[in-house]
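Q: Below is final_8.pdb; it holds PDB, C-alpha atoms.
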```pdb
ATOM      1  CA  MET A   1     144.870 173.999 100.992
ATOM      2  CA  GLY A   2     144.668 173.424 104.717
ATOM      3  CA  THR A   3     141.841 171.866 106.639
ATOM      4  CA  GLY A   4     140.080 173.840 109.345
ATOM      5  CA  PRO A   5     139.155 172.537 112.766
ATOM      6  CA  GLY A   6     135.443 172.386 111.838
ATOM      7  CA  GLU A   7     136.043 170.375 108.740
ATOM      8  CA  GLY A   8     138.252 167.872 110.664
ATOM      9  CA  ILE A   9     135.566 167.321 113.289
ATOM     10  CA  GLY A  10     132.919 166.835 110.563
ATOM     11  CA  ALA A  11     135.058 164.230 108.796
ATOM     12  CA  MET A  12     135.571 162.341 112.039
ATOM     13  CA  LYS A  13     131.801 162.290 112.692
ATOM     14  CA  ARG A  14     131.073 160.985 109.198
ATOM     15  CA  LYS A  15     133.698 158.268 109.667
ATOM     16  CA  ALA A  16     132.174 157.237 113.011
ATOM     17  CA  VAL A  17     128.719 156.981 111.423
ATOM     18  CA  TRP A  18     130.036 154.686 108.668
ATOM     19  CA  VAL A  19     131.806 152.488 111.214
ATOM     20  CA  ALA A  20     128.576 152.180 113.217
ATOM     21  CA  ILE A  21     126.627 151.228 110.050
ATOM     22  CA  MET A  22     129.179 148.530 109.125
ATOM     23  CA  LEU A  23     129.140 147.097 112.647
ATOM     24  CA  ALA A  24     125.332 146.961 112.635
ATOM     25  CA  ALA A  25     125.312 145.210 109.262
ATOM     26  CA  GLY A  26     127.867 142.700 110.493
ATOM     27  CA  ALA A  27     125.862 142.045 113.653
ATOM     28  CA  GLY A  28     122.712 141.500 111.583
ATOM     29  CA  ALA A  29     124.479 139.050 109.283
ATOM     30  CA  TRP A  30     125.872 137.148 112.273
ATOM     31  CA  GLY A  31     122.370 136.996 113.787
ATOM     32  CA  VAL A  32     120.942 135.320 110.648
ATOM     33  CA  TYR A  33     123.860 132.857 110.560
ATOM     34  CA  ALA A  34     123.485 132.078 114.261
ATOM     35  CA  TRP A  35     119.741 131.424 113.831
ATOM     36  CA  THR A  36     120.387 129.167 110.850
ATOM     37  CA  SER A  37     122.999 127.128 112.716
ATOM     38  CA  ARG A  38     120.839 126.867 115.819
ATOM     39  CA  GLU A  39     117.689 125.748 113.957
ATOM     40  CA  THR A  40     119.183 123.385 111.390
ATOM     41  CA  ARG A  41     122.414 122.270 113.065
ATOM     42  CA  GLY A  42     124.254 122.158 109.759
ATOM     43  CA  ASP A  43     124.687 123.619 106.309
ATOM     44  CA  VAL A  44     121.041 123.509 105.265
ATOM     45  CA  ALA A  45     118.975 125.314 102.672
ATOM     46  CA  PHE A  46     115.197 125.598 102.726
ATOM     47  CA  GLU A  47     112.802 124.715  99.933
ATOM     48  CA  VAL A  48     109.337 126.230  99.715
ATOM     49  CA  VAL A  49     106.687 123.527  99.147
ATOM     50  CA  ILE A  50     103.058 124.188  98.283
ATOM     51  CA  VAL A  51     100.602 122.187 100.394
ATOM     52  CA  SER A  52      98.442 120.009  98.138
ATOM     53  CA  ARG A  53      95.574 117.534  98.228
ATOM     54  CA  GLY A  54      95.772 113.891  97.158
ATOM     55  CA  ASP A  55      95.333 110.226  98.000
ATOM     56  CA  ILE A  56      97.569 108.352 100.427
ATOM     57  CA  GLU A  57      98.076 104.784 101.626
ATOM     58  CA  SER A  58      99.783 103.617 104.790
ATOM     59  CA  THR A  59     101.615 100.316 104.364
ATOM     60  CA  ILE A  60     103.911  97.904 106.187
ATOM     61  CA  LEU A  61     106.759  96.362 104.190
ATOM     62  CA  THR A  62     108.185  93.005 105.205
ATOM     63  CA  THR A  63     109.581  89.784 103.768
ATOM     64  CA  GLY A  64     108.395  86.208 103.828
ATOM     65  CA  VAL A  65     108.778  82.737 102.377
ATOM     66  CA  VAL A  66     106.367  80.806 100.171
ATOM     67  CA  GLU A  67     105.329  77.580 101.860
ATOM     68  CA  PRO A  68     102.381  75.172 101.995
ATOM     69  CA  GLN A  69      99.685  76.088 104.471
ATOM     70  CA  ASN A  70      99.066  72.379 105.080
ATOM     71  CA  ARG A  71     101.948  70.116 104.092
ATOM     72  CA  VAL A  72     100.960  66.443 104.079
ATOM     73  CA  GLU A  73     103.540  63.684 103.731
ATOM     74  CA  ILE A  74     101.980  60.546 102.223
ATOM     75  CA  LYS A  75     103.537  57.426 103.706
ATOM     76  CA  PRO A  76     102.673  53.797 102.890
ATOM     77  CA  PRO A  77     100.556  51.844 105.393
ATOM     78  CA  ILE A  78     102.772  48.784 104.874
ATOM     79  CA  SER A  79     106.422  48.123 104.114
ATOM     80  CA  GLY A  80     107.190  46.835 100.662
ATOM     81  CA  ARG A  81     107.970  47.944  97.130
ATOM     82  CA  VAL A  82     106.535  50.765  95.042
ATOM     83  CA  GLU A  83     105.149  49.255  91.820
ATOM     84  CA  ASP A  84     103.829  52.370  90.075
ATOM     85  CA  ILE A  85     103.403  56.136  90.751
ATOM     86  CA  LEU A  86     100.549  57.796  88.883
ATOM     87  CA  VAL A  87     101.329  61.494  89.574
ATOM     88  CA  ARG A  88     104.196  63.927  89.293
ATOM     89  CA  GLU A  89     105.132  67.252  90.868
ATOM     90  CA  GLY A  90     102.689  70.035  90.050
ATOM     91  CA  ASP A  91      99.688  67.773  89.498
ATOM     92  CA  ILE A  92      96.418  68.860  91.128
ATOM     93  CA  VAL A  93      94.681  65.897  92.734
ATOM     94  CA  GLN A  94      91.291  65.390  94.323
ATOM     95  CA  LYS A  95      90.702  63.771  97.683
ATOM     96  CA  GLY A  96      90.462  60.002  97.298
ATOM     97  CA  ARG A  97      92.435  59.757  94.044
ATOM     98  CA  ILE A  98      94.837  56.808  93.760
ATOM     99  CA  LEU A  99      98.361  58.209  93.650
ATOM    100  CA  ALA A 100     100.473  55.036  93.585
ATOM    101  CA  TRP A 101     100.388  51.229  93.781
ATOM    102  CA  MET A 102     102.663  49.225  96.018
ATOM    103  CA  SER A 103     103.298  45.622  96.976
ATOM    104  CA  SER A 104     103.766  44.368 100.484
ATOM    105  CA  SER A 105     107.065  42.644 101.230
ATOM    106  CA  GLU A 106     105.322  39.222 100.866
ATOM    107  CA  ARG A 107     103.695  40.082  97.520
ATOM    108  CA  ALA A 108     106.980  41.472  96.187
ATOM    109  CA  ALA A 109     108.761  38.212  97.155
ATOM    110  CA  LEU A 110     106.033  36.045  95.474
ATOM    111  CA  LEU A 111     106.155  38.049  92.237
ATOM    112  CA  ASP A 112     109.943  37.860  92.110
ATOM    113  CA  ALA A 113     109.757  34.069  92.532
ATOM    114  CA  ALA A 114     107.017  33.801  89.843
ATOM    115  CA  ARG A 115     109.186  35.634  87.300
ATOM    116  CA  ILE A 116     111.575  32.708  87.368
ATOM    117  CA  LYS A 117     108.741  30.403  86.138
ATOM    118  CA  GLY A 118     107.576  32.756  83.396
ATOM    119  CA  PRO A 119     105.064  35.500  82.556
ATOM    120  CA  GLN A 120     101.985  33.294  83.002
ATOM    121  CA  GLU A 121     102.927  32.601  86.610
ATOM    122  CA  VAL A 122     103.472  36.329  87.210
ATOM    123  CA  THR A 123     100.020  37.099  85.794
ATOM    124  CA  ARG A 124      98.422  34.397  87.917
ATOM    125  CA  TRP A 125      99.923  35.658  91.179
ATOM    126  CA  SER A 126      99.278  39.306  90.270
ATOM    127  CA  GLN A 127      95.562  38.515  89.980
ATOM    128  CA  LEU A 128      95.460  36.461  93.134
ATOM    129  CA  TYR A 129      97.440  38.922  95.246
ATOM    130  CA  LYS A 130      96.360  42.501  94.479
ATOM    131  CA  PRO A 131      98.622  45.522  95.097
ATOM    132  CA  ALA A 132      97.736  48.130  97.732
ATOM    133  CA  PRO A 133      96.664  51.613  96.586
ATOM    134  CA  LEU A 134      98.051  54.857  98.000
ATOM    135  CA  VAL A 135      95.200  57.404  98.201
ATOM    136  CA  ALA A 136      95.242  61.239  98.434
ATOM    137  CA  PRO A 137      93.941  62.234 101.904
ATOM    138  CA  ILE A 138      93.103  65.820 100.831
ATOM    139  CA  GLU A 139      92.649  67.900  97.715
ATOM    140  CA  GLY A 140      95.807  69.731  96.703
ATOM    141  CA  VAL A 141      98.960  69.899  94.628
ATOM    142  CA  ILE A 142     101.796  67.385  94.525
ATOM    143  CA  ILE A 143     104.869  69.366  95.569
ATOM    144  CA  ALA A 144     107.374  66.539  96.031
ATOM    145  CA  ARG A 145     107.878  63.021  94.673
ATOM    146  CA  ALA A 146     110.443  61.253  96.836
ATOM    147  CA  VAL A 147     110.658  57.760  95.284
ATOM    148  CA  GLU A 148     110.390  56.033  91.926
ATOM    149  CA  PRO A 149     108.805  52.678  90.922
ATOM    150  CA  GLY A 150     110.841  49.684  92.053
ATOM    151  CA  GLN A 151     112.127  51.248  95.261
ATOM    152  CA  SER A 152     111.599  49.485  98.567
ATOM    153  CA  VAL A 153     110.056  51.607 101.330
ATOM    154  CA  THR A 154     109.040  51.363 104.961
ATOM    155  CA  THR A 155     106.098  52.908 106.757
ATOM    156  CA  ALA A 156     108.407  55.749 107.853
ATOM    157  CA  ASP A 157     109.270  56.818 104.293
ATOM    158  CA  ALA A 158     107.322  59.623 102.604
ATOM    159  CA  ILE A 159     106.538  58.678  99.018
ATOM    160  CA  LEU A 160     104.782  61.919  98.042
ATOM    161  CA  VAL A 161     104.211  65.353  99.606
ATOM    162  CA  LEU A 162     100.883  67.101  99.098
ATOM    163  CA  SER A 163      99.993  70.765  99.726
ATOM    164  CA  ASP A 164      96.442  72.071  99.846
ATOM    165  CA  ARG A 165      97.495  75.637  98.929
ATOM    166  CA  LEU A 166     100.558  77.887  98.950
ATOM    167  CA  ILE A 167     100.795  80.872 101.276
ATOM    168  CA  VAL A 168     103.450  83.439 102.150
ATOM    169  CA  SER A 169     104.611  83.243 105.745
ATOM    170  CA  ALA A 170     105.661  86.823 106.583
ATOM    171  CA  GLN A 171     107.313  88.192 109.707
ATOM    172  CA  VAL A 172     105.916  91.403 111.221
ATOM    173  CA  ASP A 173     107.595  93.354 114.015
ATOM    174  CA  GLU A 174     105.626  93.688 117.241
ATOM    175  CA  THR A 175     105.596  97.493 116.822
ATOM    176  CA  ASP A 176     103.581  97.074 113.596
ATOM    177  CA  ILE A 177     101.414  94.067 114.421
ATOM    178  CA  GLY A 178      98.702  96.269 115.954
ATOM    179  CA  ALA A 179      97.973  97.683 112.493
ATOM    180  CA  VAL A 180      97.556  94.236 110.888
ATOM    181  CA  ALA A 181      94.186  92.456 110.762
ATOM    182  CA  VAL A 182      92.785  89.311 109.160
ATOM    183  CA  GLY A 183      91.236  90.126 105.789
ATOM    184  CA  GLN A 184      93.542  93.077 105.193
ATOM    185  CA  THR A 185      94.622  93.729 101.603
ATOM    186  CA  ALA A 186      98.207  92.818 100.725
ATOM    187  CA  ALA A 187     100.471  92.500  97.706
ATOM    188  CA  VAL A 188     103.259  89.989  97.097
ATOM    189  CA  SER A 189     106.220  90.098  94.750
ATOM    190  CA  LEU A 190     108.691  87.243  94.414
ATOM    191  CA  ASP A 191     112.434  87.788  94.204
ATOM    192  CA  ALA A 192     112.494  85.368  91.266
ATOM    193  CA  TYR A 193     109.734  87.310  89.442
ATOM    194  CA  PRO A 194     109.946  90.913  90.727
ATOM    195  CA  SER A 195     107.814  92.383  87.929
ATOM    196  CA  HIS A 196     104.762  90.284  88.854
ATOM    197  CA  ARG A 197     102.511  91.748  91.557
ATOM    198  CA  ILE A 198     100.274  89.163  93.231
ATOM    199  CA  LEU A 199      97.201  90.407  95.105
ATOM    200  CA  ALA A 200      96.638  88.723  98.456
ATOM    201  CA  VAL A 201      94.913  89.003 101.840
ATOM    202  CA  VAL A 202      95.987  88.431 105.425
ATOM    203  CA  ASP A 203      94.698  84.953 106.334
ATOM    204  CA  HIS A 204      96.068  84.353 109.836
ATOM    205  CA  ILE A 205      98.073  86.122 112.557
ATOM    206  CA  ALA A 206     100.057  84.016 115.009
ATOM    207  CA  TYR A 207      98.989  84.227 118.646
ATOM    208  CA  GLU A 208     102.485  83.518 119.929
ATOM    209  CA  ALA A 209     105.517  85.685 119.203
ATOM    210  CA  LYS A 210     109.048  84.519 118.587
ATOM    211  CA  THR A 211     112.399  86.274 118.850
ATOM    212  CA  VAL A 212     114.622  86.619 115.787
ATOM    213  CA  ASN A 213     117.943  88.462 116.195
ATOM    214  CA  ASN A 214     116.702  89.994 119.466
ATOM    215  CA  VAL A 215     113.585  91.331 117.713
ATOM    216  CA  THR A 216     110.088  90.183 118.690
ATOM    217  CA  ILE A 217     108.093  89.233 115.610
ATOM    218  CA  TYR A 218     104.798  87.552 114.736
ATOM    219  CA  ASP A 219     104.210  85.180 111.823
ATOM    220  CA  VAL A 220     101.490  86.407 109.477
ATOM    221  CA  ASP A 221     100.033  84.103 106.799
ATOM    222  CA  VAL A 222      99.321  85.954 103.557
ATOM    223  CA  LEU A 223      97.078  84.096 101.107
ATOM    224  CA  PRO A 224      97.445  84.918  97.372
ATOM    225  CA  GLY A 225      94.113  85.359  95.615
ATOM    226  CA  ASP A 226      95.276  83.668  92.417
ATOM    227  CA  ILE A 227      98.394  81.516  92.703
ATOM    228  CA  PRO A 228     100.457  81.860  89.496
ATOM    229  CA  PRO A 229     101.937  78.697  87.948
ATOM    230  CA  PHE A 230     105.513  79.898  88.560
ATOM    231  CA  MET A 231     105.032  80.225  92.329
ATOM    232  CA  ARG A 232     107.021  77.575  94.179
ATOM    233  CA  SER A 233     107.428  76.551  97.792
ATOM    234  CA  GLY A 234     110.570  78.036  99.321
ATOM    235  CA  MET A 235     110.660  81.225  97.209
ATOM    236  CA  THR A 236     111.533  84.501  98.945
ATOM    237  CA  ALA A 237     108.759  87.102  98.798
ATOM    238  CA  ASN A 238     108.385  90.812  99.525
ATOM    239  CA  VAL A 239     105.060  91.602 101.182
ATOM    240  CA  THR A 240     103.241  94.942 101.327
ATOM    241  CA  LEU A 241     100.444  95.101 103.899
ATOM    242  CA  LYS A 242      97.934  97.918 103.322
ATOM    243  CA  THR A 243      96.967  99.239 106.752
ATOM    244  CA  ALA A 244      95.031 102.409 105.841
ATOM    245  CA  ALA A 245      94.019 104.511 102.841
ATOM    246  CA  LYS A 246      92.467 107.970 102.439
ATOM    247  CA  GLN A 247      91.412 110.034  99.447
ATOM    248  CA  ASP A 248      91.553 113.778  98.798
ATOM    249  CA  VAL A 249      93.334 114.828 101.987
ATOM    250  CA  ILE A 250      95.855 117.574 102.796
ATOM    251  CA  LEU A 251      99.422 116.314 102.230
ATOM    252  CA  VAL A 252     102.916 117.630 102.972
ATOM    253  CA  PRO A 253     106.360 116.008 102.636
ATOM    254  CA  ALA A 254     107.083 113.847 105.661
ATOM    255  CA  GLU A 255     110.322 115.710 106.357
ATOM    256  CA  ALA A 256     108.364 118.949 106.768
ATOM    257  CA  ILE A 257     106.974 117.670 110.098
ATOM    258  CA  GLN A 258     109.035 118.542 113.176
ATOM    259  CA  GLN A 259     108.451 117.550 116.779
ATOM    260  CA  ARG A 260     108.584 120.404 119.287
ATOM    261  CA  ASP A 261     107.784 119.693 122.944
ATOM    262  CA  GLY A 262     105.614 116.745 121.990
ATOM    263  CA  ARG A 263     103.740 118.696 119.300
ATOM    264  CA  ALA A 264     103.929 118.404 115.523
ATOM    265  CA  VAL A 265     104.837 121.669 113.797
ATOM    266  CA  VAL A 266     105.803 122.855 110.336
ATOM    267  CA  LEU A 267     107.860 125.872 109.314
ATOM    268  CA  THR A 268     105.920 128.514 107.406
ATOM    269  CA  PRO A 269     107.180 131.744 105.798
ATOM    270  CA  ALA A 270     106.815 134.826 107.995
ATOM    271  CA  ALA A 271     105.805 138.251 106.696
ATOM    272  CA  ASN A 272     109.389 139.518 106.348
ATOM    273  CA  ARG A 273     110.706 136.166 105.002
ATOM    274  CA  ALA A 274     113.751 136.600 107.262
ATOM    275  CA  ARG A 275     112.990 133.553 109.348
ATOM    276  CA  PRO A 276     110.109 131.077 109.256
ATOM    277  CA  GLY A 277     107.247 130.899 111.663
ATOM    278  CA  ARG A 278     106.010 127.716 113.300
ATOM    279  CA  GLN A 279     102.545 126.345 112.707
ATOM    280  CA  GLU A 280     101.233 123.571 114.939
ATOM    281  CA  VAL A 281      99.462 120.821 113.001
ATOM    282  CA  ARG A 282      97.652 117.557 113.677
ATOM    283  CA  THR A 283      98.852 114.695 111.514
ATOM    284  CA  GLY A 284      97.138 111.552 110.187
ATOM    285  CA  ILE A 285      98.553 108.600 108.289
ATOM    286  CA  SER A 286     101.885 108.580 106.456
ATOM    287  CA  ASP A 287     103.380 106.511 103.657
ATOM    288  CA  GLY A 288     106.952 107.398 104.605
ATOM    289  CA  LYS A 289     107.255 110.113 101.965
ATOM    290  CA  ARG A 290     104.102 112.151 102.583
ATOM    291  CA  THR A 291     102.068 112.821 105.702
ATOM    292  CA  GLU A 292      98.397 113.666 106.026
ATOM    293  CA  ILE A 293      97.553 116.955 107.761
ATOM    294  CA  VAL A 294      94.266 116.694 109.653
ATOM    295  CA  SER A 295      94.251 120.313 110.829
ATOM    296  CA  GLY A 296      96.506 123.357 110.821
ATOM    297  CA  LEU A 297      97.096 123.800 107.072
ATOM    298  CA  ASN A 298      95.050 124.260 103.913
ATOM    299  CA  ALA A 299      95.740 123.406 100.295
ATOM    300  CA  GLY A 300      97.804 126.171  98.699
ATOM    301  CA  ASP A 301      99.644 127.128 101.897
ATOM    302  CA  GLU A 302     103.447 127.257 101.856
ATOM    303  CA  VAL A 303     105.746 125.295 104.147
ATOM    304  CA  TRP A 304     109.520 125.332 104.389
ATOM    305  CA  VAL A 305     111.328 121.996 104.093
ATOM    306  CA  ALA A 306     114.977 121.732 105.146
ATOM    307  CA  ARG A 307     117.253 120.284 102.472
ATOM    308  CA  ALA A 308     120.931 119.411 102.797
ATOM    309  CA  ARG A 309     122.991 121.963 100.847
ATOM    310  CA  MET A 310     126.055 120.694  98.993
ATOM    311  CA  PRO A 311     129.312 122.562  99.691
ATOM    312  CA  GLU A 312     130.306 125.117  97.073
ATOM    313  CA  ARG A 313     133.356 124.136  95.013
ATOM    314  CA  ARG A 314     136.116 126.769  94.823
ATOM    315  CA  ASP A 315     139.317 126.954  92.843
ATOM    316  CA  LYS A 316     142.787 127.186  94.377
ATOM    317  CA  ASN A 317     142.441 130.969  94.636
ATOM    318  CA  GLY A 318     139.262 130.685  96.683
ATOM    319  CA  ALA A 319     136.923 131.824  93.899
ATOM    320  CA  SER A 320     133.760 129.841  93.142
ATOM    321  CA  ASN A 321     133.940 127.675  90.033
ATOM    322  CA  PRO A 322     131.078 128.556  87.610
ATOM    323  CA  PHE A 323     131.443 125.197  85.860
ATOM    324  CA  SER A 324     131.131 123.152  89.071
ATOM    325  CA  PRO A 325     127.850 121.226  89.479
ATOM    326  CA  PHE A 326     127.803 122.543  93.052
ATOM    327  CA  GLY A 327     128.457 126.172  92.131
ATOM    328  CA  GLY A 328     124.811 127.279  92.206
ATOM    329  CA  ARG A 329     123.544 128.838  95.406
ATOM    330  CA  THR A 330     120.203 127.977  96.955
ATOM    331  CA  ARG A 331     118.062 130.545  98.705
ATOM    332  CA  SER A 332     118.626 130.061 102.415
ATOM    333  CA  ALA A 333     116.439 130.614 105.436
ATOM    334  CA  GLY A 334     117.512 134.207 105.604
ATOM    335  CA  GLY A 335     116.188 134.881 102.116
ATOM    336  CA  GLY A 336     119.630 135.939 100.760
ATOM    337  CA  ARG A 337     121.541 134.643  97.764
TER     338      ARG A 337
END
```
Let me see the file written as structure tokens.
A:
Amino acid sequence: MGTGPGEGIGAMKRKAVWVAIMLAAGAGAWGVYAWTSRETRGDVAFEVVIVSRGDIESTILTTGVVEPQNRVEIKPPISGRVEDILVREGDIVQKGRILAWMSSSERAALLDAARIKGPQEVTRWSQLYKPAPLVAPIEGVIIARAVEPGQSVTTADAILVLSDRLIVSAQVDETDIGAVAVGQTAAVSLDAYPSHRILAVVDHIAYEAKTVNNVTIYDVDVLPGDIPPFMRSGMTANVTLKTAAKQDVILVPAEAIQQRDGRAVVLTPAANRARPGRQEVRTGISDGKRTEIVSGLNAGDEVWVARARMPERRDKNGASNPFSPFGGRTRSAGGGR
């Protein structure tokens, strides 16, 4: 059967309408893709996160070394020979305690000569010529014993080393030092004993900076509240300085915060879900993972957080592999699958 002129014109009009619809759909799809690329600059999916309330702490993480706060080397007042040492490393001593006995060079020579004549002569000269005591100048812990009985020493030789208490000398970058104050709460963990958490406080902040690897840092003394018996001078320590803490505040993931023209904003779902809206917020403290929202959001609100989307695995024919761990699709900013 033939086709009339009217029917041919009608078919051409219907074909033109379908072409226009397909072009419009393609333009709309390109617009969503272009917005996604422009906003995220990469293959990114968005995750909807519910704004919640909770507690948060702001901290500074740094490293340090265990060392004596006051390290006192005990040297003999005279040259001679050490006769006896009454302490060992780890002993706690009081100020004024006798730590060792030593003979002057003259007394050591007399006793050596008396030994040739016999024990009675040694006893006689030992009573006539008394040894000199070595006394603890402060209260503390013996952390080093440098000599043993019988060794000859001079006034320049340290026989014992005494520490009044152990501290952790930490290094804090100048960009963080403004948030550190004396009396601030801290926590220490030692590389040798990582499972033990030692509570501490900031005891002193250096007034003079120093440069380490082109970075300006300040030494901060952290004093443990209760020094465990396994803590030793020279150990490497990880220090957490607590700079601020708040309870029951509005919290969002830190990566949800974006900076736009000097303002903090978050992405929020719009009415049509086709593209997110922007909500300006005022932020508070952050722990690196979560950020406090002072104003702009309420608990229960939704925010969009950009997540990196893994590439979809395809077989050699170009089809997606249903058994691939990357085969699942994540809902994108455009709301499609």
Q: Using CA of Ile143 (chain A) and CA of Gly183 (chain A) as the two end points, give the distance in Å to one decimal.
A: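 Pair CA of Ile143 (chain A) / CA of Gly183 (chain A) returns 26.9 Å.
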Q: Expand the PyMOL selection byres ((chain A and resi 132) around 8) into the explicit residue set it covers here, and present it as a list in words.
A: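 Taken on the displayed file, the PyMOL selection byres ((chain A and resi 132) around 8) yields the residues Trp101, Met102, Ser103, Ser104, Lys130, Pro131, Pro133 and Leu134 of chain A.
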Q: Enumerate, as a list of chain:residue names, the residues matched when the PyMOL selection byres ((chain A and resi 174) around 6) is run on the file above.
A: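 When the PyMOL selection byres ((chain A and resi 174) around 6) is applied, the selected residues are A:Asp173, A:Thr175, A:Asp176, A:Ile177, A:Thr216, A:Ile217.
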Q: Name the residues captured by the PyMOL selection byres ((chain A and resi 235) around 6) when it is applied to the shown file; answer as a list of chain:residue names.
A: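 Written out, the selection comes to A:Val65, A:Val66, A:Arg232, A:Ser233, A:Gly234, A:Thr236.
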Q: Which value, in Å to one decimal, gives the distance between CA of Tyr129 (chain A) and CA of Val72 (chain A)?
A: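 CA of Val72 (chain A) lies 29.1 Å from CA of Tyr129 (chain A).
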Q: Region 145-162 of chain A: which residues within 10 Å, counting all atoms listed in the file, same-chain residues fewer than 4 positions away excluded, as JSON, numbers by chain?
A: {"A": [68, 70, 71, 72, 73, 74, 75, 76, 77, 78, 79, 80, 81, 82, 83, 84, 85, 86, 87, 88, 89, 90, 91, 92, 93, 99, 100, 101, 102, 103, 104, 105, 108, 134, 136, 137, 138, 139, 140, 141]}
Q: Include C-alpha atoms and write out the residues we just selected as a compact mmCIF listing (two decimals), keeping the file's coordinate frame.
A:
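Result file is out34.txt:
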```txt
# COMPACT_ATOMS: atom_id res chain seq x y z
CA PRO A 68 102.38 75.17 102.00
CA ASN A 70 99.07 72.38 105.08
CA ARG A 71 101.95 70.12 104.09
CA VAL A 72 100.96 66.44 104.08
CA GLU A 73 103.54 63.68 103.73
CA ILE A 74 101.98 60.55 102.22
CA LYS A 75 103.54 57.43 103.71
CA PRO A 76 102.67 53.80 102.89
CA PRO A 77 100.56 51.84 105.39
CA ILE A 78 102.77 48.78 104.87
CA SER A 79 106.42 48.12 104.11
CA GLY A 80 107.19 46.84 100.66
CA ARG A 81 107.97 47.94 97.13
CA VAL A 82 106.54 50.76 95.04
CA GLU A 83 105.15 49.26 91.82
CA ASP A 84 103.83 52.37 90.08
CA ILE A 85 103.40 56.14 90.75
CA LEU A 86 100.55 57.80 88.88
CA VAL A 87 101.33 61.49 89.57
CA ARG A 88 104.20 63.93 89.29
CA GLU A 89 105.13 67.25 90.87
CA GLY A 90 102.69 70.04 90.05
CA ASP A 91 99.69 67.77 89.50
CA ILE A 92 96.42 68.86 91.13
CA VAL A 93 94.68 65.90 92.73
CA LEU A 99 98.36 58.21 93.65
CA ALA A 100 100.47 55.04 93.58
CA TRP A 101 100.39 51.23 93.78
CA MET A 102 102.66 49.22 96.02
CA SER A 103 103.30 45.62 96.98
CA SER A 104 103.77 44.37 100.48
CA SER A 105 107.06 42.64 101.23
CA ALA A 108 106.98 41.47 96.19
CA LEU A 134 98.05 54.86 98.00
CA ALA A 136 95.24 61.24 98.43
CA PRO A 137 93.94 62.23 101.90
CA ILE A 138 93.10 65.82 100.83
CA GLU A 139 92.65 67.90 97.72
CA GLY A 140 95.81 69.73 96.70
CA VAL A 141 98.96 69.90 94.63
```
